[in-house]
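Undergrad: The structure is given below, and queries will be raised subsequently.
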Amino acid sequence: MSTTLVTGGTVVNATGTAQADVLVDGETIAAVLAPGSRLLGTDLKATVDQVVDATGRYVIPGGIDAHTHMQMPFGGTEASDTFETGTRAAAWGGTTSIIDFAIQRYGERVEDGLAAWHEKAAGQCAVDYGFHQIVGGVDEFSLKAMDSLVDEGITSFKLFMAYPGVFYSDDAQILRAMQKSRETGLLTMMHAENGPAIDVLAEQLYNAGKTTPFFHGIARAWQLEEEATHRAIMLADLTGAPLYVVHVSAKQAVEQLAAARDRGQNVFGETCPQYLYLSLEDQLGATSEEWGDLEGAKWVCSTPLRSRADGHQDAMWRALRTNDLQTVSTDHCPFCMKGQKDMGAGDFRAIPNGIGSIEHRVDLLYQGVVTGEITLSRWVELISTTPARMFGLYGRKGVVQPGADADLVVYDPAGHTSIGLGKSHHMNMDYSAWEGYEIDGHVDWVMSRGSVLVDESGYVGSKTHGKFLKRDLTQYLV
Ligand code: URP
Ligand code: ZN
Ligand code: ZN
């Protein structure tokens with residue numbers, strides 16, 4: 001077992017910052033010490049196997065991306081990052097744990113879906129990984145199977161109010177699944193968009209010749225996100241289920257969540273970097289020599305990008321400050337333009353939904369510290385600590401403290417990161433949704449359970465390092 005001393009840095013936790021050295025012994029943090037501490041009279045630097053000089057830099061707990069879709073079958077194709085490529089990109093960007101979604105569809109067994117995801121991920125991950133369970137067909141069999149999920153370390157499941165005929169659950173199914181959530185402690189995660197109404201609008205737009213990617217966002221109107229969010233909240237209230245609404249993009253949906261929380265309801269919201277930075281207006285004007293007006297397909301995701309003129313992005317940042325939203329995950333679901341997104345040329349409905357950001361979440365959120373949107377500690381809380389608490393990993397993950405896994409990132413606030421193809425881009429995509437973004441900060445060094453994944457020479461990890469995370473129940477049960 002090797003020992004490491006990360007010395008001279010500013011340790012940033014959700015609770016505050018301190019000048020401290022971090023001693024790592026094997027896979028865990030052994031001590032967080034006053035700078036230059038000695039042990040039994042001995043200079044620690046002289047006794048450890050390696051010393052990492054973090055002077056002038058932040059030492060933070062590894063990022064936890066609680067919403068990813070590696071190799072997800074979607075829209076007649078499959079998300080382009082494998083567990084190997086996606087988790088390697090995660091490591092590059094300072095994320096040391098992911099929670100991906102195992103899938104069960106109507107007519108399939110939950111147990112089989114989960115087993116298939118274990119099969120895909122085992123031995124392929126650079127960072128630790130857990131699973132949520134997508135329940136795409138709520139029936140007596142899947143409800144029964146949900147009883148054993150907690151024992152398997154799968155303590156959350158996702159339902160879809162969107163995508164009729166694919167993953168969609170109607171209100172009766174949602175009610176039953178939420179009753180199960182209340183009974184077992186499983187956290188209900190909800191894709192809150194009114195899918196049947198969206199499909200009608202999308203068809204009408206298409207028939208009217210409005211076929212470019214921009215109309216994806218018009219069909220998925222904010223009213224249909226607000227309505228579904230409200231409905232999910234009401235069903236959760238009725239059943240007593242804890243509720244976590246994923247990829248929130250509409251300010252009106254945030255208002256629904258905030259109002260429910262103010263009433264004392266146990267509901268939470270997640271947003272994603274794309275809803276903080278990108279907008280429907282960007283998509284409207286998008287065109288390129290290579291892709292023409294299909295260019296906007298690069299940013300087709302669901303929920304969709306929202307109008308900047310209507311203030312959705314500002315509202316997301318505000319909600320992160322006020323804790324009306326609690327986490328920022330990526331919803332990493334990458335597709336290439338060539339052979340995947342281009343399936344939707346001439347029909348926005350056929351563009352596979354998803355954006356790839358796993359490599360950039362820590363940086364993009366740090367940019368919010370630079371611009372004064374959030375504090376340093378809130379940054380750490382959003383990217384690591386709250387996801388750990390929300391999804392039953394806290395103590396092991398999400399904090400720099402003795403006994404925790406040695407998942408550490410040395411982040412240089414004076415560094416710089418240029419995002420884009422040929423720059424920092426290690427995701428398996430032929431474009432970057434973040435091309436041209438410049439970040440005032442840099443992930444310099446990454447450690448996962450005592451093993452260095454990224455140092456000044458680049459990625460030095462291995463695809464067999466990542467372990468399956470058997471998760472506890474959310475800390476937010478009441
Ligand atoms: O566009 C998205 N979000 N694709 C992934 C599937 C989902 O709904 O999370
Ligand atoms: Zn979703
Ligand atoms: Zn998703």
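If you're wondering about the labels, chains in the structure tokens are A, B, ... by order shown, residues count from 1 in each chain, ligands from 1 in order shown.
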Return as a PyMOL selection string the residues of protein, DNA or RNA that approach ligand 2 to within 8 Å, with only C-alpha atoms and all ligand atoms taken into account.
TA: chain A and resi 160+162+190-192+246-247+302-303+331
Undergrad: Using only C-alpha atoms and all ligand atoms, tabulate the residues of chain A lying at most 7 Å from any atom of ligand 3, each with its closest atom pair and that distance in Å to one decimal, by chain and increasing residue number, as JSON lines.
TA:
{"residue": "A:His67", "atom": "CA", "partner": "ligand 3", "partner_atom_place_in_ligand_line": "1 (Zn)", "distance": 6.1}
{"residue": "A:Thr68", "atom": "CA", "partner": "ligand 3", "partner_atom_place_in_ligand_line": "1 (Zn)", "distance": 6.3}
{"residue": "A:His69", "atom": "CA", "partner": "ligand 3", "partner_atom_place_in_ligand_line": "1 (Zn)", "distance": 6.4}
{"residue": "A:Asp331", "atom": "CA", "partner": "ligand 3", "partner_atom_place_in_ligand_line": "1 (Zn)", "distance": 4.5}
{"residue": "A:His332", "atom": "CA", "partner": "ligand 3", "partner_atom_place_in_ligand_line": "1 (Zn)", "distance": 7.0}
{"residue": "A:Cys333", "atom": "CA", "partner": "ligand 3", "partner_atom_place_in_ligand_line": "1 (Zn)", "distance": 6.9}
Undergrad: Where in range 238-464 of chain A does DSSP assign helix (DSSP H, G or I), given as a ChimeraX atom specification?
TA: /A:238-239,251-262,273-277,280-284,295-299,312-322,341-344,348-350,361-370,376-390
Undergrad: Could you pull out all residues of range 48-215 of chain A with a DSSP call of strand (DSSP E) and give them as a PyMOL selection string?
TA: chain A and resi 50-53+58-61+63-68+73-74+77-78+95-105+128-136+156-160+187-191
Undergrad: So which one's closest to Ser156 in chain A, A:Ile198, A:Ile60, A:Val245, A:Ala232? Using only C-alpha atoms, please.
TA: A:Val245
Undergrad: I need the residue nearest ligand 1 from this list: A:Gly56, A:Gly26, A:Gly75, A:Gly153. Use only C-alpha atoms and all ligand atoms for the distance.
TA: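 Nearest candidate to ligand 1 out of A:Gly56, A:Gly26, A:Gly75, A:Gly153: A:Gly75.
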Undergrad: With distances taken over only C-alpha atoms, which of A:Gly415, A:Gly9, A:Gly461, A:Pro273 is nearest to Trp434 in chain A?
TA: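 Comparing A:Gly415, A:Gly9, A:Gly461, A:Pro273 against Trp434 in chain A, the winner is A:Pro273.
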Undergrad: Please provide as a PyMOL selection string all residues within 8 Å of Gly130 in chain A, with the sequence filter that same-chain residues fewer than 2 positions apart are discarded (counting only C-alpha atoms).
TA: chain A and resi 97-100+128+132+154+468-471
Undergrad: Report as a PyMOL selection string all protein, DNA and RNA residues lying within 8 Å of Leu143 in chain A, evaluated on only C-alpha atoms, omitting residues in the same chain fewer than 4 positions from it.
TA: chain A and resi 138-139+147+176-177+180
Undergrad: Can I get the selected residues back with N, CA and C atoms, as a compact mmCIF listing (two decimals), in the first residue's frame?
TA:
# COMPACT_ATOMS: atom_id res chain seq x y z
N VAL A 138 -43.51 -0.21 -15.93
CA VAL A 138 -43.96 -0.50 -14.56
C VAL A 138 -45.12 -1.49 -14.64
N ASP A 139 -44.91 -2.68 -14.11
CA ASP A 139 -45.97 -3.69 -14.05
C ASP A 139 -45.73 -4.54 -12.80
N ASP A 147 -38.17 -4.58 -5.22
CA ASP A 147 -37.97 -4.91 -3.81
C ASP A 147 -36.52 -5.26 -3.50
N ARG A 176 -48.00 3.84 -8.79
CA ARG A 176 -47.59 2.54 -8.22
C ARG A 176 -46.09 2.53 -7.89
N ALA A 177 -45.30 3.04 -8.81
CA ALA A 177 -43.84 3.03 -8.58
C ALA A 177 -43.48 3.94 -7.40
N LYS A 180 -44.04 2.23 -4.22
CA LYS A 180 -42.89 1.33 -3.97
C LYS A 180 -41.71 2.13 -3.42
Undergrad: List the spatial neighbours of Val399 in chain A as a PyMOL selection string - criterion: any atom at most 8 Å away, only C-alpha atoms, same-chain residues fewer than 6 positions off excluded.
TA: chain A and resi 13-14+60-61+384-385
Undergrad: Given the selection you just returned, output its residues as a file containing all heavy atoms, formatted as a PDB file, in the first residue's frame.
TA:
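What ended up in result-v5.pdb:
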ATOM      1  N   ASN A  13     -13.922  21.954   1.127  1.00  0.00           N
ATOM      2  CA  ASN A  13     -15.065  21.072   1.349  1.00  0.00           C
ATOM      3  C   ASN A  13     -16.335  21.906   1.242  1.00  0.00           C
ATOM      4  O   ASN A  13     -16.279  23.145   1.188  1.00  0.00           O
ATOM      5  CB  ASN A  13     -14.984  20.425   2.733  1.00  0.00           C
ATOM      6  CG  ASN A  13     -14.139  19.149   2.726  1.00  0.00           C
ATOM      7  OD1 ASN A  13     -14.310  18.288   1.866  1.00  0.00           O
ATOM      8  ND2 ASN A  13     -13.240  19.038   3.690  1.00  0.00           N
ATOM      9  N   ALA A  14     -17.488  21.234   1.253  1.00  0.00           N
ATOM     10  CA  ALA A  14     -18.755  21.968   1.211  1.00  0.00           C
ATOM     11  C   ALA A  14     -18.922  22.849   2.433  1.00  0.00           C
ATOM     12  O   ALA A  14     -19.651  23.847   2.404  1.00  0.00           O
ATOM     13  CB  ALA A  14     -19.912  20.982   1.115  1.00  0.00           C
ATOM     14  N   ILE A  60      -9.724  19.271  -3.699  1.00  0.00           N
ATOM     15  CA  ILE A  60     -11.178  19.062  -3.539  1.00  0.00           C
ATOM     16  C   ILE A  60     -11.516  17.576  -3.644  1.00  0.00           C
ATOM     17  O   ILE A  60     -10.736  16.802  -4.211  1.00  0.00           O
ATOM     18  CB  ILE A  60     -11.982  19.860  -4.597  1.00  0.00           C
ATOM     19  CG1 ILE A  60     -11.674  19.353  -6.021  1.00  0.00           C
ATOM     20  CG2 ILE A  60     -11.691  21.356  -4.487  1.00  0.00           C
ATOM     21  CD1 ILE A  60     -12.592  19.938  -7.097  1.00  0.00           C
ATOM     22  N   PRO A  61     -12.680  17.180  -3.095  1.00  0.00           N
ATOM     23  CA  PRO A  61     -13.091  15.774  -3.282  1.00  0.00           C
ATOM     24  C   PRO A  61     -13.412  15.529  -4.752  1.00  0.00           C
ATOM     25  O   PRO A  61     -13.923  16.418  -5.436  1.00  0.00           O
ATOM     26  CB  PRO A  61     -14.353  15.648  -2.413  1.00  0.00           C
ATOM     27  CG  PRO A  61     -14.842  17.049  -2.201  1.00  0.00           C
ATOM     28  CD  PRO A  61     -13.650  17.953  -2.311  1.00  0.00           C
ATOM     29  N   SER A 384     -19.929  17.467  -5.908  1.00  0.00           N
ATOM     30  CA  SER A 384     -19.457  16.269  -5.210  1.00  0.00           C
ATOM     31  C   SER A 384     -20.254  15.923  -3.945  1.00  0.00           C
ATOM     32  O   SER A 384     -20.754  14.814  -3.804  1.00  0.00           O
ATOM     33  CB  SER A 384     -17.973  16.452  -4.851  1.00  0.00           C
ATOM     34  OG  SER A 384     -17.460  15.317  -4.251  1.00  0.00           O
ATOM     35  N   THR A 385     -20.383  16.894  -3.036  1.00  0.00           N
ATOM     36  CA  THR A 385     -20.906  16.540  -1.708  1.00  0.00           C
ATOM     37  C   THR A 385     -22.397  16.195  -1.745  1.00  0.00           C
ATOM     38  O   THR A 385     -22.818  15.166  -1.188  1.00  0.00           O
ATOM     39  CB  THR A 385     -20.648  17.698  -0.717  1.00  0.00           C
ATOM     40  OG1 THR A 385     -19.279  18.078  -0.822  1.00  0.00           O
ATOM     41  CG2 THR A 385     -20.959  17.269   0.702  1.00  0.00           C
TER      42      THR A 385
END
Undergrad: From the list A:Val166, A:Leu325, A:Val135, A:Ala219, which residue is nearest Ala259 in chain A when using only C-alpha atoms?
TA: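 Looking only at the distances to Ala259 in chain A, the closest residue turns out to be A:Leu325.
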Undergrad: Which one is closest to Arg349 in chain A: A:Glu381, A:Asp444, A:Glu373, A:Asp199? Count only C-alpha atoms.
TA: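 Nearest to Arg349 in chain A: A:Asp199.
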Undergrad: So which one's closest to ligand 1, A:Glu203, A:Glu193, A:Asp407, A:Asp151? Using only C-alpha atoms and all ligand atoms, please.
TA: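 Ranking A:Glu203, A:Glu193, A:Asp407, A:Asp151 by distance to ligand 1, first place goes to A:Glu193.
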Undergrad: Could you pull the residues within 10 Å of range 32-47 of chain A, counting only C-alpha atoms, minus those fewer than 3 positions along the same chain, as a PyMOL selection string?
TA: chain A and resi 3-11+18-24+29+50-52+400-402
Undergrad: Would you write out those residues with N, CA, C and O atoms, as a PDB file, in the first residue's frame?
TA:
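For reference, selection_28.pdb as written:
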ATOM      1  N   THR A   3       1.748   5.425   0.128  1.00  0.00           N
ATOM      2  CA  THR A   3       1.306   6.632   0.841  1.00  0.00           C
ATOM      3  C   THR A   3       1.638   7.872   0.007  1.00  0.00           C
ATOM      4  O   THR A   3       2.641   7.899  -0.700  1.00  0.00           O
ATOM      5  N   THR A   4       0.744   8.858   0.128  1.00  0.00           N
ATOM      6  CA  THR A   4       0.923  10.108  -0.621  1.00  0.00           C
ATOM      7  C   THR A   4       0.645  11.267   0.328  1.00  0.00           C
ATOM      8  O   THR A   4      -0.297  11.198   1.121  1.00  0.00           O
ATOM      9  N   LEU A   5       1.420  12.313   0.196  1.00  0.00           N
ATOM     10  CA  LEU A   5       1.121  13.544   0.932  1.00  0.00           C
ATOM     11  C   LEU A   5       0.863  14.654  -0.085  1.00  0.00           C
ATOM     12  O   LEU A   5       1.730  14.963  -0.896  1.00  0.00           O
ATOM     13  N   VAL A   6      -0.376  15.182  -0.034  1.00  0.00           N
ATOM     14  CA  VAL A   6      -0.711  16.325  -0.886  1.00  0.00           C
ATOM     15  C   VAL A   6      -0.520  17.549  -0.014  1.00  0.00           C
ATOM     16  O   VAL A   6      -1.245  17.749   0.969  1.00  0.00           O
ATOM     17  N   THR A   7       0.467  18.325  -0.354  1.00  0.00           N
ATOM     18  CA  THR A   7       0.912  19.352   0.590  1.00  0.00           C
ATOM     19  C   THR A   7       0.771  20.771   0.035  1.00  0.00           C
ATOM     20  O   THR A   7       0.838  20.983  -1.178  1.00  0.00           O
ATOM     21  N   GLY A   8       0.525  21.707   0.954  1.00  0.00           N
ATOM     22  CA  GLY A   8       0.576  23.128   0.587  1.00  0.00           C
ATOM     23  C   GLY A   8      -0.680  23.686  -0.049  1.00  0.00           C
ATOM     24  O   GLY A   8      -0.734  24.868  -0.376  1.00  0.00           O
ATOM     25  N   GLY A   9      -1.705  22.855  -0.222  1.00  0.00           N
ATOM     26  CA  GLY A   9      -2.903  23.321  -0.923  1.00  0.00           C
ATOM     27  C   GLY A   9      -3.971  23.877   0.006  1.00  0.00           C
ATOM     28  O   GLY A   9      -3.834  23.848   1.234  1.00  0.00           O
ATOM     29  N   THR A  10      -5.029  24.397  -0.602  1.00  0.00           N
ATOM     30  CA  THR A  10      -6.210  24.829   0.145  1.00  0.00           C
ATOM     31  C   THR A  10      -7.262  23.745  -0.018  1.00  0.00           C
ATOM     32  O   THR A  10      -7.753  23.509  -1.128  1.00  0.00           O
ATOM     33  N   VAL A  11      -7.573  23.067   1.082  1.00  0.00           N
ATOM     34  CA  VAL A  11      -8.590  22.020   1.012  1.00  0.00           C
ATOM     35  C   VAL A  11      -9.962  22.684   1.013  1.00  0.00           C
ATOM     36  O   VAL A  11     -10.274  23.499   1.886  1.00  0.00           O
ATOM     37  N   ALA A  18      -9.681  25.304   4.138  1.00  0.00           N
ATOM     38  CA  ALA A  18      -8.590  25.354   5.127  1.00  0.00           C
ATOM     39  C   ALA A  18      -7.270  25.061   4.429  1.00  0.00           C
ATOM     40  O   ALA A  18      -7.218  24.232   3.519  1.00  0.00           O
ATOM     41  N   GLN A  19      -6.218  25.744   4.884  1.00  0.00           N
ATOM     42  CA  GLN A  19      -4.877  25.378   4.428  1.00  0.00           C
ATOM     43  C   GLN A  19      -4.539  24.074   5.122  1.00  0.00           C
ATOM     44  O   GLN A  19      -4.532  24.022   6.353  1.00  0.00           O
ATOM     45  N   ALA A  20      -4.293  23.021   4.387  1.00  0.00           N
ATOM     46  CA  ALA A  20      -4.032  21.738   5.039  1.00  0.00           C
ATOM     47  C   ALA A  20      -3.290  20.790   4.108  1.00  0.00           C
ATOM     48  O   ALA A  20      -3.365  20.918   2.889  1.00  0.00           O
ATOM     49  N   ASP A  21      -2.573  19.860   4.732  1.00  0.00           N
ATOM     50  CA  ASP A  21      -1.954  18.762   3.984  1.00  0.00           C
ATOM     51  C   ASP A  21      -2.881  17.555   4.091  1.00  0.00           C
ATOM     52  O   ASP A  21      -3.547  17.368   5.116  1.00  0.00           O
ATOM     53  N   VAL A  22      -2.911  16.747   3.042  1.00  0.00           N
ATOM     54  CA  VAL A  22      -3.765  15.558   3.052  1.00  0.00           C
ATOM     55  C   VAL A  22      -2.877  14.329   2.920  1.00  0.00           C
ATOM     56  O   VAL A  22      -2.120  14.199   1.948  1.00  0.00           O
ATOM     57  N   LEU A  23      -2.977  13.464   3.928  1.00  0.00           N
ATOM     58  CA  LEU A  23      -2.179  12.237   3.914  1.00  0.00           C
ATOM     59  C   LEU A  23      -3.055  11.078   3.449  1.00  0.00           C
ATOM     60  O   LEU A  23      -4.117  10.812   4.013  1.00  0.00           O
ATOM     61  N   VAL A  24      -2.590  10.410   2.414  1.00  0.00           N
ATOM     62  CA  VAL A  24      -3.320   9.269   1.847  1.00  0.00           C
ATOM     63  C   VAL A  24      -2.543   8.006   2.164  1.00  0.00           C
ATOM     64  O   VAL A  24      -1.333   7.934   1.939  1.00  0.00           O
ATOM     65  N   ILE A  29      -8.105   8.378   2.819  1.00  0.00           N
ATOM     66  CA  ILE A  29      -7.477   9.545   3.417  1.00  0.00           C
ATOM     67  C   ILE A  29      -7.193   9.202   4.887  1.00  0.00           C
ATOM     68  O   ILE A  29      -8.114   8.845   5.630  1.00  0.00           O
ATOM     69  N   GLN A  50       5.083   9.278  -2.044  1.00  0.00           N
ATOM     70  CA  GLN A  50       5.113  10.394  -3.005  1.00  0.00           C
ATOM     71  C   GLN A  50       4.547  11.658  -2.367  1.00  0.00           C
ATOM     72  O   GLN A  50       3.652  11.603  -1.523  1.00  0.00           O
ATOM     73  N   VAL A  51       5.101  12.770  -2.796  1.00  0.00           N
ATOM     74  CA  VAL A  51       4.632  14.079  -2.335  1.00  0.00           C
ATOM     75  C   VAL A  51       4.090  14.823  -3.540  1.00  0.00           C
ATOM     76  O   VAL A  51       4.716  14.868  -4.599  1.00  0.00           O
ATOM     77  N   VAL A  52       2.893  15.378  -3.385  1.00  0.00           N
ATOM     78  CA  VAL A  52       2.313  16.192  -4.451  1.00  0.00           C
ATOM     79  C   VAL A  52       2.232  17.615  -3.930  1.00  0.00           C
ATOM     80  O   VAL A  52       1.572  17.877  -2.926  1.00  0.00           O
ATOM     81  N   VAL A 400     -13.371  15.657   1.764  1.00  0.00           N
ATOM     82  CA  VAL A 400     -11.963  15.404   2.093  1.00  0.00           C
ATOM     83  C   VAL A 400     -11.875  15.311   3.605  1.00  0.00           C
ATOM     84  O   VAL A 400     -11.881  16.334   4.311  1.00  0.00           O
ATOM     85  N   GLN A 401     -11.865  14.109   4.119  1.00  0.00           N
ATOM     86  CA  GLN A 401     -11.788  13.896   5.574  1.00  0.00           C
ATOM     87  C   GLN A 401     -11.202  12.516   5.851  1.00  0.00           C
ATOM     88  O   GLN A 401     -11.285  11.621   4.997  1.00  0.00           O
ATOM     89  N   PRO A 402     -10.620  12.314   7.019  1.00  0.00           N
ATOM     90  CA  PRO A 402     -10.051  11.005   7.334  1.00  0.00           C
ATOM     91  C   PRO A 402     -11.107   9.914   7.224  1.00  0.00           C
ATOM     92  O   PRO A 402     -12.253  10.093   7.645  1.00  0.00           O
TER      93      PRO A 402
END
Undergrad: Please identify all polymer residues within 12 Å of Trp317 in chain A, counting only C-alpha atoms, omitting same-chain residues fewer than 5 positions from it, and present them as a ChimeraX atom specification.
TA: /A:248-251,254,270-277,311-312,322-328,365,367-369,371-375,378-379,382
Undergrad: Please save C-alpha atoms of the selected residues as a JSON list (two decimals), in the first residue's frame.
TA:
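File written: result-v7.json
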[["chain", "number", "residue", "atom", "x", "y", "z"],
["A", 248, "VAL", "CA", -34.41, 20.70, -14.99],
["A", 249, "SER", "CA", -34.17, 23.48, -17.60],
["A", 250, "ALA", "CA", -37.32, 25.62, -17.29],
["A", 251, "LYS", "CA", -37.46, 28.36, -14.67],
["A", 254, "VAL", "CA", -37.77, 25.35, -10.62],
["A", 270, "GLU", "CA", -30.88, 18.67, -10.73],
["A", 271, "THR", "CA", -29.76, 20.86, -13.59],
["A", 272, "CYS", "CA", -26.94, 20.37, -16.11],
["A", 273, "PRO", "CA", -24.18, 22.60, -17.53],
["A", 274, "GLN", "CA", -26.05, 22.93, -20.85],
["A", 275, "TYR", "CA", -28.98, 24.64, -19.09],
["A", 276, "LEU", "CA", -26.62, 27.08, -17.38],
["A", 277, "TYR", "CA", -24.69, 28.15, -20.46],
["A", 311, "GLY", "CA", -34.17, 34.22, -18.41],
["A", 312, "HIS", "CA", -34.01, 30.46, -17.89],
["A", 322, "THR", "CA", -30.58, 29.53, -3.15],
["A", 323, "ASN", "CA", -30.60, 25.70, -3.01],
["A", 324, "ASP", "CA", -33.88, 25.52, -4.94],
["A", 325, "LEU", "CA", -31.78, 23.19, -7.13],
["A", 326, "GLN", "CA", -29.35, 20.90, -5.36],
["A", 327, "THR", "CA", -27.09, 19.23, -7.91],
["A", 328, "VAL", "CA", -25.45, 19.67, -11.31],
["A", 365, "LEU", "CA", -19.10, 24.89, -12.72],
["A", 367, "GLN", "CA", -16.39, 29.10, -14.12],
["A", 368, "GLY", "CA", -19.46, 29.98, -12.03],
["A", 369, "VAL", "CA", -17.10, 30.66, -9.11],
["A", 371, "THR", "CA", -17.98, 34.90, -12.50],
["A", 372, "GLY", "CA", -19.38, 35.19, -8.97],
["A", 373, "GLU", "CA", -22.46, 33.01, -9.49],
["A", 374, "ILE", "CA", -21.53, 30.56, -6.71],
["A", 375, "THR", "CA", -18.97, 30.33, -3.91],
["A", 378, "ARG", "CA", -20.94, 25.71, -3.08],
["A", 379, "TRP", "CA", -19.00, 24.54, -6.14],
["A", 382, "LEU", "CA", -22.80, 20.89, -6.14]]
